[in-house]
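*Asks:* Encoded as structure tokens, here's the structure I'll be asking about.
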Amino acid sequence: MPDAHLWKNGPIFTGRRWAEALLVEGGRVTAVGAETETARSAPTGTAVHDLGGHLLVPGLIDAHLHVADITRARQGRDLSRARSIAELVDQVRGWAEEQREGTIVGRGWQTDRLRDGRAPTRRDLDRALPDRPVILYHASGHVAAVNSSALTAAGVDRSTSDPSGGRVGREADGAPNGLLYEEAMRPVADLAAAANPPDAAALGRTLDIAASLGLTTVATMNTSPEELAALRTLAEDRVLPIRVRTYVRLSAVDAIAPKHLAPSGGDGWFSVPGVKAFADGAFGPRTAWLSRPYSDAPEESGLPVGSEDGLSSALACAAERGLAPAVHAIGDRAVEHAVRSFAPLSGRPRTLARVEHASLTPPEILSELDRVRPALVVQPGFVWSDTWLTDRLGPERARWAYAFRTLLGQGLVLAGSSDAPYDPLDPWRGLAACVDRTAPDGESANPERSEALSPEQAFGLYTASAGTVLGEPDLGSLEVGARADLVLTRATDLPRALALGAGSVEATWVDGRPVRVPGRADRG
Ligand SMILES: [Zn+2]
């Protein structure tokens with residue numbers, strides 16, 4: 001029997017266009033188009049799959065998430081439901097009862113959701129637990145609130161000066177207040193990582209969840225050497241449920257042996273396409289770098305991370321090792337800075353430069369983007385999540401946040417992503433937010449309807465365009481030559497699939513083979 005499969009009798013979206021039938025041989029698409037012609041190419045013995053009128057789409061790609069952080073968030077210690085500092089303190093006390101020793105790490109608080117209207121400080125957290133380190137990350141991951149014990153363990157005191165691209169929050173007399181911004185988090189981040197080393201089996205379970213949502217490729221960003229090693233183990237043991245791409249932390253590249261940056265096995269399941277660097281922070285804690293001050297804090301314009309020259313030369317070194325740059329830039333000033341840092345890389349092979357987030361792109365920035373034409377990796381779910389964005393930016397500027405249609409109109413390549421765990425992993429939420437600029441509860445970071453995408457454009461962001469951004473045009477597409485990563489839905493068209501959300505995923509294939517998701521019957 002040949003390893004050949006023909007799908008027919010239902011709408012097929014290739015990532016770019018519509019087709020009636022799809023032929024897969026040896027894990028790759030060999031014909032796609034009108035039913036009679038495609039069926040004619042099928043060798044004798046081809047297995048025929050009747051779609052029964054249901055929609056078939058390419059496997060979804062999340063071009064930017066954090067597998068180890070999702071795994072830690074999944075393992076508990078979630079503060080996102082806390083509505084006051086007193087509740088945060090209670091949660092920490094509860095965790096300290098369960099975990100009798102070592103560092104307590106939690107994540108997910110947001111000042112805008114706390115009745116106190118301020119961030120927790122070391123004094124609050126000392127009340128919760130005075131004698132062991134407590135590290136509580138903001139929902140954005142760009143600020144940590146820590147107690148005095150964590151400051152001591154990390155060697156941060158009143159004599160510590162602010163690092164480049166970071167800030168130590170201080171009390172009136174100069175003593176640290178327990179809030180560490182951006183690069184100033186690094187010493188406590190090392191403590192937090194040591195308290196929760198990534199475990200390969202747990203990372204594998206996170207990837208099983210991704211597969212159950214219809215994701216067939218994920219790119220994990222800012223990967224530590226430990227996370228890289230754990231994912232590589234899964235790849236070498238051939239137990240990855242879906243494809244994984246890693247963008248390693250720029251500062252860690254030199255510590256990683258070249259053989260660990262090479263793809264695993266040559267079968268397309270695991271590779272290291274690039275490095276991740278930072279140009280700024282996030283809107284929530286007002287560390288995203290803006291060209292004009294924050295509307296709700298006129299003395300602040302954000303926190304630039306590193307110099308343009310420094311970033312350029314670091315990215316050029318990474319390019320020498322075949323690693324493409326992915327630079328985090330949220331504020332408009334940071335986007336400009338990131339794009340300029342790519343200039344020396346132009347013309348090099350394998351350097352598809354990515355701007356991560358590119359959240360604020362007013363008209364002044366568009367010409368700069370047009371000149372360098374980097375790929376933009378956006379998070380449509382943030383349109384529904386960043387409900388406080390108009391306070392930060394003012395309504396005129398917020399109009400240019402998450403301006404997806406304008407960016408596509410410039411001919412730029414946009415890939416969709418979740419940035420999980422900083423927003424839910426579910427790609428269907430992002431897909432829906434592309435099309436409906438306002439969340440079901442009526443909230444929006446930028447409700448501008450003219451920035452809404454069509455369902456085809458939305459799926460394009462999470463399929464074919466994402467493959468392009470990863471430098472792998474054979475991913476996210478069902479055109480001839482593409483890898484047969486497929487999602488069969490329970491819906492009959494794209495709008496109905498969006499309405500059903502993750503519940504529309506009926507079955508998933510990678511390389512033409514059914515993905516076995518624990519807890520879900522295999523219908524492949
Ligand atoms: Zn991220």
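Each chain in the structure tokens gets a letter, A, B, ..., in the order shown, and its residues are numbered from 1; ligands are numbered from 1 in order too.
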Using only C-alpha atoms and all ligand atoms, which residues of the polymer chains come no farther than 8 Å from ligand 1? I'd like the answer as a list in words.
*Replies:*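 Listing the residues within 8 Å of ligand 1 gives His64, Leu65, His66, Met221, Asn222, His328, Glu356, Asp419, Ala420 and Tyr422 of chain A.
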*Asks:* Just N, CA and C atoms for this one: save the residues we selected as a CSV table (one decimal), in the first residue's frame.
*Replies:*
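What ended up in again29.csv:
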```
chain,number,residue,atom,x,y,z
A,64,HIS,N,5.0,32.7,18.4
A,64,HIS,CA,5.7,33.3,19.6
A,64,HIS,C,4.9,32.9,20.9
A,65,LEU,N,5.5,32.0,21.6
A,65,LEU,CA,5.0,31.7,22.9
A,65,LEU,C,6.2,31.2,23.7
A,66,HIS,N,6.0,30.8,25.0
A,66,HIS,CA,7.0,30.4,25.9
A,66,HIS,C,6.7,29.1,26.6
A,221,MET,N,10.1,31.2,22.5
A,221,MET,CA,11.0,32.4,22.4
A,221,MET,C,11.8,32.6,23.7
A,222,ASN,N,13.0,33.2,23.5
A,222,ASN,CA,13.8,33.6,24.7
A,222,ASN,C,14.2,32.3,25.5
A,328,HIS,N,12.1,41.9,20.4
A,328,HIS,CA,10.9,42.3,21.1
A,328,HIS,C,10.9,43.9,21.0
A,356,GLU,N,9.1,41.3,17.2
A,356,GLU,CA,8.1,40.6,18.0
A,356,GLU,C,7.2,41.7,18.6
A,419,ASP,N,1.8,34.6,22.6
A,419,ASP,CA,2.7,35.0,23.7
A,419,ASP,C,2.4,34.3,25.0
A,420,ALA,N,1.7,33.2,24.9
A,420,ALA,CA,1.3,32.4,26.1
A,420,ALA,C,2.6,32.2,27.0
A,422,TYR,N,1.4,34.8,28.7
A,422,TYR,CA,1.1,36.2,29.0
A,422,TYR,C,-0.3,36.5,28.4
```
*Asks:* I'd like the neighbourhood of segment 312-320 of chain A as a PyMOL selection string, where a residue qualifies if any of its atoms comes within 7 Å (using only C-alpha atoms), though same-chain residues fewer than 6 positions away should be ignored.
*Replies:* chain A and resi 341-342+344-345+351
*Asks:* Can you list, as a VMD selection string, every protein, DNA or RNA residue that comes within 12 Å of segment 292-309 of chain A when you count only C-alpha atoms, leaving out same-chain residues fewer than 4 positions away?
*Replies:* chain A and resid 142 to 143 162 to 167 181 to 184 277 to 288 313 to 316 327 to 344 360 362 388 to 398
*Asks:* Could you name the residues that touch Ile12 of chain A at 10 Å or less, counting only C-alpha atoms, but leaving out those on the same chain fewer than 3 positions away, as a list in words?
*Replies:*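 Answer for this query is Trp7, Lys8, Asn9, Gly15, Arg17, Trp18, Ala19, Glu20, Ala21, Leu22, Val32, Gly33, Leu51, Gly53, His54, Leu55, Leu56, Val57, Pro58, Leu478, Leu488, Thr492 and Asp493 of chain A.
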*Asks:* Would you mind telling me which residue in A:Leu136, A:Val413, A:Leu407, A:Ile85 lies nearest to Leu179 of chain A when using only C-alpha atoms?
*Replies:*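 Between A:Leu136, A:Val413, A:Leu407, A:Ile85, the residue approaching Leu179 of chain A most closely is A:Leu136.
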*Asks:* Need the shell around Val188 of chain A: protein/DNA/RNA residues with any atom at most 12 Å away, counting only C-alpha atoms. Skip same-chain ones fewer than 5 positions apart. Format as a count of residues only?
*Replies:* 32
*Asks:* Please, which residues of segment 314-462 of chain A, numbered as in this document, come out alpha helix (DSSP H) from DSSP, as a PyMOL selection string?
*Replies:* chain A and resi 314-320+332-341+363-372+382-385+389-393+395-398+404-409+427-435+455-462
*Asks:* Find the residue from A:Leu261, A:Leu425, A:Ala499, A:Val505 that sits nearest to Phe382 of chain A; use only C-alpha atoms when measuring.
*Replies:* A:Leu425
*Asks:* Find the spatial neighbours of Thr71 of chain A, counting only C-alpha atoms, within a cut-off of 7 Å - ignore same-chain residues fewer than 4 positions away - and output them as a list in words.
*Replies:*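 After dropping sequence-adjacent residues, the list is Val67, Gln75, Ala202, Leu203 and Thr206 of chain A.
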*Asks:* Could the residues in this selection be saved with N, CA and C atoms as a PDB file, in the first residue's frame?
*Replies:*
```pdb
ATOM      1  N   VAL A  67       7.219  28.014  26.015  1.00  0.00           N
ATOM      2  CA  VAL A  67       6.791  26.682  26.462  1.00  0.00           C
ATOM      3  C   VAL A  67       7.116  26.461  27.943  1.00  0.00           C
ATOM      4  N   GLN A  75       1.474  24.649  36.104  1.00  0.00           N
ATOM      5  CA  GLN A  75       1.708  23.913  37.341  1.00  0.00           C
ATOM      6  C   GLN A  75       1.237  24.695  38.567  1.00  0.00           C
ATOM      7  N   ALA A 202       7.062  17.457  31.573  1.00  0.00           N
ATOM      8  CA  ALA A 202       6.041  18.500  31.765  1.00  0.00           C
ATOM      9  C   ALA A 202       5.952  19.395  30.532  1.00  0.00           C
ATOM     10  N   LEU A 203       7.098  19.685  29.892  1.00  0.00           N
ATOM     11  CA  LEU A 203       7.062  20.478  28.653  1.00  0.00           C
ATOM     12  C   LEU A 203       6.289  19.711  27.581  1.00  0.00           C
ATOM     13  N   THR A 206       2.627  20.180  27.985  1.00  0.00           N
ATOM     14  CA  THR A 206       2.198  21.489  27.461  1.00  0.00           C
ATOM     15  C   THR A 206       2.001  21.406  25.947  1.00  0.00           C
TER      16      THR A 206
END
```
*Asks:* Excluding Glu448 of chain A and its own-chain neighbours fewer than 5 positions away, which residues fall within 9 Å of it when counting only C-alpha atoms? Please give them as a list of chain:residue names.
*Replies:*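 Listed by chain and then number, they are A:Arg399, A:Trp400, A:Ala403, A:Arg437, A:Thr438.
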*Asks:* In Å, rounded to a single decimal, give me how far atom CA of Ala482 of chain A is from atom CA of Asp50 of chain A.
*Replies:* 21.0 Å
